[in-house]
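Shown below: target_5.cif, with mmCIF, C-alpha atoms.
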```cif
data_my_file
loop_
_atom_site.group_PDB
_atom_site.id
_atom_site.type_symbol
_atom_site.label_atom_id
_atom_site.label_comp_id
_atom_site.auth_asym_id
_atom_site.auth_seq_id
_atom_site.Cartn_x
_atom_site.Cartn_y
_atom_site.Cartn_z
ATOM 1 C CA MET E 1 112.146 -94.689 -70.949
ATOM 2 C CA ARG E 2 115.073 -92.902 -72.596
ATOM 3 C CA LEU E 3 113.501 -90.745 -75.322
ATOM 4 C CA ILE E 4 115.629 -89.159 -78.051
ATOM 5 C CA LEU E 5 114.117 -86.492 -80.297
ATOM 6 C CA ALA E 6 115.646 -86.767 -83.772
ATOM 7 C CA SER E 7 115.173 -83.084 -84.550
ATOM 8 C CA ALA E 8 116.831 -79.712 -84.181
ATOM 9 C CA SER E 9 113.413 -77.995 -84.279
ATOM 10 C CA PRO E 10 112.904 -75.789 -81.228
ATOM 11 C CA ARG E 11 109.154 -75.951 -81.886
ATOM 12 C CA ARG E 12 109.080 -79.756 -81.584
ATOM 13 C CA ALA E 13 111.152 -79.605 -78.407
ATOM 14 C CA ASP E 14 108.852 -76.948 -76.920
ATOM 15 C CA LEU E 15 105.769 -79.035 -77.736
ATOM 16 C CA LEU E 16 107.252 -82.132 -76.090
ATOM 17 C CA ARG E 17 108.274 -80.171 -72.994
ATOM 18 C CA SER E 18 104.840 -78.550 -72.718
ATOM 19 C CA ALA E 19 103.273 -82.030 -72.722
ATOM 20 C CA GLY E 20 105.561 -83.184 -69.911
ATOM 21 C CA PHE E 21 107.956 -85.410 -71.864
ATOM 22 C CA GLU E 22 111.596 -85.704 -70.835
ATOM 23 C CA PHE E 23 113.986 -86.285 -73.734
ATOM 24 C CA GLU E 24 117.387 -85.754 -75.268
ATOM 25 C CA ILE E 25 117.923 -83.989 -78.572
ATOM 26 C CA CYS E 26 119.941 -85.471 -81.409
ATOM 27 C CA PRO E 27 119.389 -83.734 -84.759
ATOM 28 C CA ALA E 28 119.237 -85.963 -87.826
ATOM 29 C CA ASP E 29 121.142 -85.088 -90.968
ATOM 30 C CA VAL E 30 119.224 -86.564 -93.900
ATOM 31 C CA GLU E 31 118.515 -85.554 -97.477
ATOM 32 C CA GLU E 32 115.103 -83.894 -97.724
ATOM 33 C CA THR E 33 114.418 -83.842 -101.456
ATOM 34 C CA PRO E 34 111.268 -85.465 -102.846
ATOM 35 C CA GLN E 35 111.853 -88.332 -105.252
ATOM 36 C CA VAL E 36 110.315 -88.285 -108.719
ATOM 37 C CA GLY E 37 106.700 -89.431 -108.529
ATOM 38 C CA GLU E 38 106.673 -89.588 -104.719
ATOM 39 C CA THR E 39 103.397 -88.499 -103.116
ATOM 40 C CA ALA E 40 103.448 -85.905 -100.348
ATOM 41 C CA GLU E 41 102.428 -88.509 -97.760
ATOM 42 C CA ALA E 42 105.071 -91.017 -98.899
ATOM 43 C CA TYR E 43 107.730 -88.295 -98.943
ATOM 44 C CA THR E 44 106.868 -87.018 -95.472
ATOM 45 C CA LEU E 45 106.908 -90.528 -94.020
ATOM 46 C CA ARG E 46 110.154 -91.469 -95.798
ATOM 47 C CA VAL E 47 111.967 -88.420 -94.428
ATOM 48 C CA ALA E 48 110.733 -89.044 -90.870
ATOM 49 C CA ARG E 49 111.761 -92.716 -91.082
ATOM 50 C CA GLU E 50 115.212 -91.753 -92.383
ATOM 51 C CA LYS E 51 115.638 -89.299 -89.502
ATOM 52 C CA ALA E 52 114.750 -91.999 -86.968
ATOM 53 C CA ARG E 53 117.111 -94.515 -88.557
ATOM 54 C CA TYR E 54 119.932 -91.984 -88.771
ATOM 55 C CA VAL E 55 119.726 -91.176 -85.057
ATOM 56 C CA GLU E 56 119.290 -94.839 -84.154
ATOM 57 C CA GLY E 57 122.533 -95.534 -86.014
ATOM 58 C CA ILE E 58 124.552 -92.974 -84.078
ATOM 59 C CA ARG E 59 122.858 -92.895 -80.649
ATOM 60 C CA ALA E 60 120.998 -96.147 -80.191
ATOM 61 C CA SER E 61 121.334 -98.144 -77.037
ATOM 62 C CA ALA E 62 119.130 -100.917 -75.724
ATOM 63 C CA GLY E 63 115.783 -99.528 -74.687
ATOM 64 C CA ALA E 64 116.291 -96.067 -76.184
ATOM 65 C CA VAL E 65 113.266 -94.737 -78.038
ATOM 66 C CA ILE E 66 113.871 -92.546 -81.074
ATOM 67 C CA LEU E 67 111.148 -90.037 -82.009
ATOM 68 C CA ALA E 68 111.329 -88.414 -85.437
ATOM 69 C CA ALA E 69 108.945 -86.272 -87.449
ATOM 70 C CA ASP E 70 108.650 -84.402 -90.706
ATOM 71 C CA THR E 71 106.089 -81.739 -91.570
ATOM 72 C CA GLU E 72 105.090 -80.600 -95.035
ATOM 73 C CA VAL E 73 102.505 -78.152 -96.302
ATOM 74 C CA VAL E 74 100.617 -79.315 -99.379
ATOM 75 C CA ALA E 75 98.426 -77.213 -101.678
ATOM 76 C CA ASP E 76 96.891 -78.539 -104.879
ATOM 77 C CA CYS E 77 98.762 -81.854 -104.385
ATOM 78 C CA ARG E 78 102.079 -79.989 -104.382
ATOM 79 C CA ILE E 79 104.597 -79.867 -101.532
ATOM 80 C CA LEU E 80 105.344 -76.209 -100.855
ATOM 81 C CA GLY E 81 108.457 -76.743 -98.735
ATOM 82 C CA LYS E 82 110.356 -74.049 -96.872
ATOM 83 C CA PRO E 83 110.979 -70.730 -98.589
ATOM 84 C CA ALA E 84 114.413 -70.281 -100.130
ATOM 85 C CA ASP E 85 114.288 -66.498 -99.741
ATOM 86 C CA PRO E 86 111.807 -63.687 -98.967
ATOM 87 C CA PRO E 87 110.356 -63.502 -102.523
ATOM 88 C CA HIS E 88 109.732 -67.260 -102.410
ATOM 89 C CA ALA E 89 108.034 -66.866 -98.998
ATOM 90 C CA ALA E 90 105.763 -64.188 -100.464
ATOM 91 C CA ALA E 91 104.893 -66.455 -103.420
ATOM 92 C CA ILE E 92 103.964 -69.307 -101.056
ATOM 93 C CA LEU E 93 101.786 -67.000 -98.963
ATOM 94 C CA ARG E 94 100.013 -65.680 -102.077
ATOM 95 C CA ARG E 95 99.266 -69.290 -102.998
ATOM 96 C CA LEU E 96 97.784 -69.983 -99.535
ATOM 97 C CA SER E 97 95.780 -66.740 -99.376
ATOM 98 C CA GLY E 98 92.068 -67.402 -98.980
ATOM 99 C CA VAL E 99 92.270 -71.150 -99.546
ATOM 100 C CA ALA E 100 92.512 -74.381 -97.593
ATOM 101 C CA HIS E 101 95.619 -76.542 -97.628
ATOM 102 C CA ASP E 102 96.851 -79.671 -95.866
ATOM 103 C CA VAL E 103 99.620 -79.945 -93.315
ATOM 104 C CA LEU E 104 101.071 -83.461 -93.158
ATOM 105 C CA THR E 105 103.189 -84.508 -90.199
ATOM 106 C CA ALA E 106 104.727 -87.961 -90.171
ATOM 107 C CA VAL E 107 105.662 -89.297 -86.736
ATOM 108 C CA VAL E 108 108.005 -92.267 -86.347
ATOM 109 C CA VAL E 109 108.962 -94.057 -83.137
ATOM 110 C CA ARG E 110 111.779 -96.641 -83.209
ATOM 111 C CA THR E 111 113.114 -98.801 -80.427
ATOM 112 C CA ASP E 112 115.047 -102.070 -80.387
ATOM 113 C CA GLY E 113 114.404 -102.689 -84.087
ATOM 114 C CA ARG E 114 110.651 -102.049 -83.835
ATOM 115 C CA GLU E 115 109.042 -99.136 -85.608
ATOM 116 C CA ARG E 116 105.627 -97.506 -85.376
ATOM 117 C CA TYR E 117 104.510 -94.591 -87.500
ATOM 118 C CA GLU E 118 101.562 -92.493 -88.513
ATOM 119 C CA VAL E 119 100.984 -89.588 -90.886
ATOM 120 C CA VAL E 120 98.602 -86.975 -89.489
ATOM 121 C CA THR E 121 96.815 -84.663 -91.915
ATOM 122 C CA THR E 122 95.382 -81.369 -90.718
ATOM 123 C CA ARG E 123 93.338 -79.057 -92.944
ATOM 124 C CA VAL E 124 94.122 -75.353 -92.534
ATOM 125 C CA ARG E 125 92.240 -72.475 -94.149
ATOM 126 C CA PHE E 126 93.825 -69.049 -94.557
ATOM 127 C CA THR E 127 91.955 -65.774 -94.719
ATOM 128 C CA PRO E 128 92.507 -63.748 -97.890
ATOM 129 C CA LEU E 129 95.794 -61.850 -97.518
ATOM 130 C CA SER E 130 96.497 -58.400 -98.899
ATOM 131 C CA HIS E 131 99.832 -57.578 -100.505
ATOM 132 C CA GLU E 132 100.575 -55.350 -97.512
ATOM 133 C CA GLU E 133 99.922 -58.203 -95.055
ATOM 134 C CA ILE E 134 102.175 -60.544 -97.006
ATOM 135 C CA ASP E 135 104.934 -57.915 -97.215
ATOM 136 C CA TRP E 136 104.632 -57.214 -93.466
ATOM 137 C CA TYR E 137 104.731 -60.899 -92.561
ATOM 138 C CA VAL E 138 107.688 -61.683 -94.815
ATOM 139 C CA ALA E 139 109.554 -58.648 -93.394
ATOM 140 C CA SER E 140 109.015 -60.068 -89.884
ATOM 141 C CA GLY E 141 111.335 -62.943 -90.831
ATOM 142 C CA GLU E 142 108.999 -65.541 -89.338
ATOM 143 C CA PRO E 143 108.202 -67.357 -92.608
ATOM 144 C CA MET E 144 111.831 -68.295 -93.208
ATOM 145 C CA GLY E 145 112.670 -71.884 -92.315
ATOM 146 C CA LYS E 146 108.988 -72.817 -91.925
ATOM 147 C CA ALA E 147 107.142 -75.350 -94.040
ATOM 148 C CA GLY E 148 104.533 -73.406 -95.982
ATOM 149 C CA ALA E 149 106.177 -70.090 -94.985
ATOM 150 C CA TYR E 150 104.133 -69.587 -91.802
ATOM 151 C CA ALA E 151 104.056 -70.368 -88.094
ATOM 152 C CA VAL E 152 100.584 -71.072 -86.701
ATOM 153 C CA GLN E 153 101.978 -70.579 -83.181
ATOM 154 C CA GLY E 154 103.373 -67.138 -84.019
ATOM 155 C CA LEU E 155 102.481 -64.074 -86.029
ATOM 156 C CA GLY E 156 101.049 -66.298 -88.754
ATOM 157 C CA ALA E 157 98.166 -67.240 -86.447
ATOM 158 C CA ARG E 158 96.370 -64.064 -87.516
ATOM 159 C CA PHE E 159 95.947 -65.494 -91.019
ATOM 160 C CA VAL E 160 94.515 -68.887 -89.986
ATOM 161 C CA ASP E 161 90.752 -68.869 -90.304
ATOM 162 C CA ARG E 162 90.105 -72.525 -89.468
ATOM 163 C CA ILE E 163 91.938 -75.704 -88.461
ATOM 164 C CA GLU E 164 90.429 -79.162 -88.852
ATOM 165 C CA GLY E 165 92.687 -81.630 -87.073
ATOM 166 C CA SER E 166 95.738 -81.382 -84.865
ATOM 167 C CA TRP E 167 96.948 -77.880 -84.005
ATOM 168 C CA SER E 168 100.206 -79.296 -82.631
ATOM 169 C CA GLY E 169 100.581 -81.243 -85.884
ATOM 170 C CA VAL E 170 100.584 -77.953 -87.764
ATOM 171 C CA VAL E 171 103.312 -76.690 -85.420
ATOM 172 C CA GLY E 172 105.308 -79.841 -86.204
ATOM 173 C CA LEU E 173 104.440 -82.631 -83.787
ATOM 174 C CA PRO E 174 100.919 -84.017 -83.186
ATOM 175 C CA LEU E 175 101.175 -84.738 -79.469
ATOM 176 C CA ALA E 176 98.240 -87.152 -79.153
ATOM 177 C CA THR E 177 99.788 -89.271 -81.915
ATOM 178 C CA VAL E 178 103.195 -89.139 -80.221
ATOM 179 C CA HIS E 179 101.642 -90.266 -76.947
ATOM 180 C CA ARG E 180 99.776 -93.136 -78.634
ATOM 181 C CA LEU E 181 102.868 -94.356 -80.535
ATOM 182 C CA LEU E 182 105.091 -94.168 -77.445
ATOM 183 C CA ARG E 183 102.564 -96.217 -75.462
ATOM 184 C CA ALA E 184 102.546 -98.803 -78.265
ATOM 185 C CA VAL E 185 106.310 -99.429 -78.018
ATOM 186 C CA GLN E 186 106.584 -99.588 -74.228
#
```

Structure translated into structure tokens:
Amino acid sequence: MRLILASASPRRADLLRSAGFEFEICPADVEETPQVGETAEAYTLRVAREKARYVEGIRASAGAVILAADTEVVADCRILGKPADPPHAAAILRRLSGVAHDVLTAVVVRTDGRERYEVVTTRVRFTPLSHEEIDWYVASGEPMGKAGAYAVQGLGARFVDRIEGSWSGVVGLPLATVHRLLRAVQ
């Protein structure tokens, strides 16, 4: 099977490699702005589907399998997104301090006009964070470019009290779901 990852995310590529998948990388260039009234789940799935379709349009060949994903952090029914700058990262982390939030990762697999998808929700609880911890973490640079302003596989792991669901989904690609969807299209 020729697998194409529709993502520039080094974290997704690392997860796939660690699970023994062989693949090519073809980043997708799609608009990632929520539409008015769109739920977090619908938004996450729409973006992942658009990524898969974009890559299928430029790299598809018979039998190629396109794998796309989108990950969003949601607190109080609101998509937090990626921080625009360090003060925004600090604001997101203050919002997550001491509370539980959801991480939604939509996975889409497309091949020969067929599409399978699933949205995986993982519940994550943060420990209460002091202002000093938030300042230290933001200064590390790790929150930038990360949904929810943290990396569970990095320095941010020290703030995660509990995970209910897929750890790899929080990183950006729920591997058991990927495996199941790839089996379904073979």

Please give the centre and size of the box around range 79-96 of chain E (axis-aligned, containing every atom listed in the file, 4 Å added per side), with values in Å to one decimal and written as AutoDock Vina command-line options.
```
--center_x 106.1 --center_y -71.7 --center_z -100.1 --size_x 24.6 --size_y 24.4 --size_z 14.5
```

Run the PyMOL selection byres ((chain E and resi 34) around 12) mentally over the shown coordinates, then write out the matched residues as an MDAnalysis selection string, using the chain letters and numbers from the document. chainID E and resid 31:33 35:47 72 78:81

Mind telling me what the PyMOL selection byres ((chain E and resi 124-130) around 12) catches here, as a ChimeraX atom specification? /E:73-75,90-104,121-123,131-137,148,150-152,156-167,169-171

Restricted to C-alpha atoms, what would the selected residues look like written as a PDB file, keeping the file's coordinate frame?
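File produced: selection.pdb:
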```pdb
ATOM      1  CA  VAL E  73     102.505 -78.152 -96.302  1.00  0.00           C
ATOM      2  CA  VAL E  74     100.617 -79.315 -99.379  1.00  0.00           C
ATOM      3  CA  ALA E  75      98.426 -77.213-101.678  1.00  0.00           C
ATOM      4  CA  ALA E  90     105.763 -64.188-100.464  1.00  0.00           C
ATOM      5  CA  ALA E  91     104.893 -66.455-103.420  1.00  0.00           C
ATOM      6  CA  ILE E  92     103.964 -69.307-101.056  1.00  0.00           C
ATOM      7  CA  LEU E  93     101.786 -67.000 -98.963  1.00  0.00           C
ATOM      8  CA  ARG E  94     100.013 -65.680-102.077  1.00  0.00           C
ATOM      9  CA  ARG E  95      99.266 -69.290-102.998  1.00  0.00           C
ATOM     10  CA  LEU E  96      97.784 -69.983 -99.535  1.00  0.00           C
ATOM     11  CA  SER E  97      95.780 -66.740 -99.376  1.00  0.00           C
ATOM     12  CA  GLY E  98      92.068 -67.402 -98.980  1.00  0.00           C
ATOM     13  CA  VAL E  99      92.270 -71.150 -99.546  1.00  0.00           C
ATOM     14  CA  ALA E 100      92.512 -74.381 -97.593  1.00  0.00           C
ATOM     15  CA  HIS E 101      95.619 -76.542 -97.628  1.00  0.00           C
ATOM     16  CA  ASP E 102      96.851 -79.671 -95.866  1.00  0.00           C
ATOM     17  CA  VAL E 103      99.620 -79.945 -93.315  1.00  0.00           C
ATOM     18  CA  LEU E 104     101.071 -83.461 -93.158  1.00  0.00           C
ATOM     19  CA  THR E 121      96.815 -84.663 -91.915  1.00  0.00           C
ATOM     20  CA  THR E 122      95.382 -81.369 -90.718  1.00  0.00           C
ATOM     21  CA  ARG E 123      93.338 -79.057 -92.944  1.00  0.00           C
ATOM     22  CA  HIS E 131      99.832 -57.578-100.505  1.00  0.00           C
ATOM     23  CA  GLU E 132     100.575 -55.350 -97.512  1.00  0.00           C
ATOM     24  CA  GLU E 133      99.922 -58.203 -95.055  1.00  0.00           C
ATOM     25  CA  ILE E 134     102.175 -60.544 -97.006  1.00  0.00           C
ATOM     26  CA  ASP E 135     104.934 -57.915 -97.215  1.00  0.00           C
ATOM     27  CA  TRP E 136     104.632 -57.214 -93.466  1.00  0.00           C
ATOM     28  CA  TYR E 137     104.731 -60.899 -92.561  1.00  0.00           C
ATOM     29  CA  GLY E 148     104.533 -73.406 -95.982  1.00  0.00           C
ATOM     30  CA  TYR E 150     104.133 -69.587 -91.802  1.00  0.00           C
ATOM     31  CA  ALA E 151     104.056 -70.368 -88.094  1.00  0.00           C
ATOM     32  CA  VAL E 152     100.584 -71.072 -86.701  1.00  0.00           C
ATOM     33  CA  GLY E 156     101.049 -66.298 -88.754  1.00  0.00           C
ATOM     34  CA  ALA E 157      98.166 -67.240 -86.447  1.00  0.00           C
ATOM     35  CA  ARG E 158      96.370 -64.064 -87.516  1.00  0.00           C
ATOM     36  CA  PHE E 159      95.947 -65.494 -91.019  1.00  0.00           C
ATOM     37  CA  VAL E 160      94.515 -68.887 -89.986  1.00  0.00           C
ATOM     38  CA  ASP E 161      90.752 -68.869 -90.304  1.00  0.00           C
ATOM     39  CA  ARG E 162      90.105 -72.525 -89.468  1.00  0.00           C
ATOM     40  CA  ILE E 163      91.938 -75.704 -88.461  1.00  0.00           C
ATOM     41  CA  GLU E 164      90.429 -79.162 -88.852  1.00  0.00           C
ATOM     42  CA  GLY E 165      92.687 -81.630 -87.073  1.00  0.00           C
ATOM     43  CA  SER E 166      95.738 -81.382 -84.865  1.00  0.00           C
ATOM     44  CA  TRP E 167      96.948 -77.880 -84.005  1.00  0.00           C
ATOM     45  CA  GLY E 169     100.581 -81.243 -85.884  1.00  0.00           C
ATOM     46  CA  VAL E 170     100.584 -77.953 -87.764  1.00  0.00           C
ATOM     47  CA  VAL E 171     103.312 -76.690 -85.420  1.00  0.00           C
TER      48      VAL E 171
END
```

Identify, on the basis of only C-alpha atoms, every residue whose closest approach to Met144 in chain E does not exceed 7 Å; exclude the query and any residue fewer than 4 positions from it along the same chain; express the result as a PyMOL selection string. chain E and resi 82-83+149

Taking the point (109.7, -93.5, -89.9) as given in the file, collect each protein or nucleic acid residue that comes within 12 Å of it, counting all atoms listed in the file, and present the set as number ranges by chain. E: 6, 41-56, 66-70, 105-111, 113-119, 181

Rounded to one decimal, what separation in Å do you get between CA of Val138 in chain E and CA of Gln153 in chain E?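 So the answer is 15.7 Å.
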
Using all atoms listed in the file: which of E:Asp85, E:Asp76, E:Asp112, E:Glu22 has the shortest distance to Gly57 in chain E: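 Comparing E:Asp85, E:Asp76, E:Asp112, E:Glu22 against Gly57 in chain E, the winner is E:Asp112.
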
Evaluate the PyMOL selection byres ((chain E and resi 10) around 12) on the structure here and hand back the selected residues as an NGL selection string. :E and (5-9 or 11-17 or 25-27 or 145-146 or 171-173)

What is the CA of Asp29 in chain E-CA of Thr71 in chain E distance in Å, reported with one decimal?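 Between CA of Asp29 in chain E and CA of Thr71 in chain E the gap is 15.4 Å.
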
Please indicate the distance in Å from CA of Val65 in chain E to CA of Ala184 in chain E, rounded to one decimal place.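 Distance reported for this atom pair: 11.5 Å.
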
I need the residue nearest Ala176 in chain E from this list: E:His88, E:Gly141, E:Cys77, E:Val120. Use all atoms listed in the file for the distance.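 Answer, going by the shortest atom-to-atom distance: E:Val120.
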
When you count only C-alpha atoms, which of these residues is closest to Ala19 in chain E: E:Ser61, E:Ser168, E:Ser140, E:Gln186?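 Looking only at the distances to Ala19 in chain E, the closest residue turns out to be E:Ser168.
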
Could you write range 129-140 of chain E of the block just shown to a file containing N, CA and C atoms, as an mmCIF file, in the first residue's frame?
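Heads up, here's the output in decode.cif:
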```cif
data_model
loop_
_atom_site.group_PDB
_atom_site.id
_atom_site.type_symbol
_atom_site.label_atom_id
_atom_site.label_comp_id
_atom_site.auth_asym_id
_atom_site.auth_seq_id
_atom_site.Cartn_x
_atom_site.Cartn_y
_atom_site.Cartn_z
ATOM 1 N N LEU E 129 -1.684 25.532 37.426
ATOM 2 C CA LEU E 129 -0.393 26.094 37.023
ATOM 3 C C LEU E 129 -0.175 27.447 37.694
ATOM 4 N N SER E 130 1.025 27.645 38.200
ATOM 5 C CA SER E 130 1.367 28.951 38.768
ATOM 6 C C SER E 130 1.747 29.900 37.626
ATOM 7 N N HIS E 131 1.762 31.178 37.929
ATOM 8 C CA HIS E 131 2.190 32.159 36.924
ATOM 9 C C HIS E 131 3.629 31.896 36.502
ATOM 10 N N GLU E 132 4.457 31.472 37.450
ATOM 11 C CA GLU E 132 5.862 31.190 37.146
ATOM 12 C C GLU E 132 5.984 29.990 36.191
ATOM 13 N N GLU E 133 5.168 28.960 36.418
ATOM 14 C CA GLU E 133 5.203 27.791 35.529
ATOM 15 C C GLU E 133 4.754 28.170 34.119
ATOM 16 N N ILE E 134 3.719 28.960 34.028
ATOM 17 C CA ILE E 134 3.241 29.392 32.709
ATOM 18 C C ILE E 134 4.308 30.233 32.022
ATOM 19 N N ASP E 135 4.901 31.176 32.746
ATOM 20 C CA ASP E 135 5.952 32.020 32.149
ATOM 21 C C ASP E 135 7.130 31.172 31.677
ATOM 22 N N TRP E 136 7.547 30.198 32.508
ATOM 23 C CA TRP E 136 8.658 29.315 32.149
ATOM 24 C C TRP E 136 8.333 28.519 30.883
ATOM 25 N N TYR E 137 7.124 27.950 30.853
ATOM 26 C CA TYR E 137 6.746 27.114 29.718
ATOM 27 C C TYR E 137 6.639 27.938 28.437
ATOM 28 N N VAL E 138 6.029 29.090 28.511
ATOM 29 C CA VAL E 138 5.924 29.951 27.326
ATOM 30 C C VAL E 138 7.315 30.359 26.854
ATOM 31 N N ALA E 139 8.223 30.688 27.786
ATOM 32 C CA ALA E 139 9.591 31.071 27.423
ATOM 33 C C ALA E 139 10.351 29.926 26.756
ATOM 34 N N SER E 140 9.941 28.676 27.025
ATOM 35 C CA SER E 140 10.611 27.533 26.387
ATOM 36 C C SER E 140 10.356 27.500 24.880
#
```
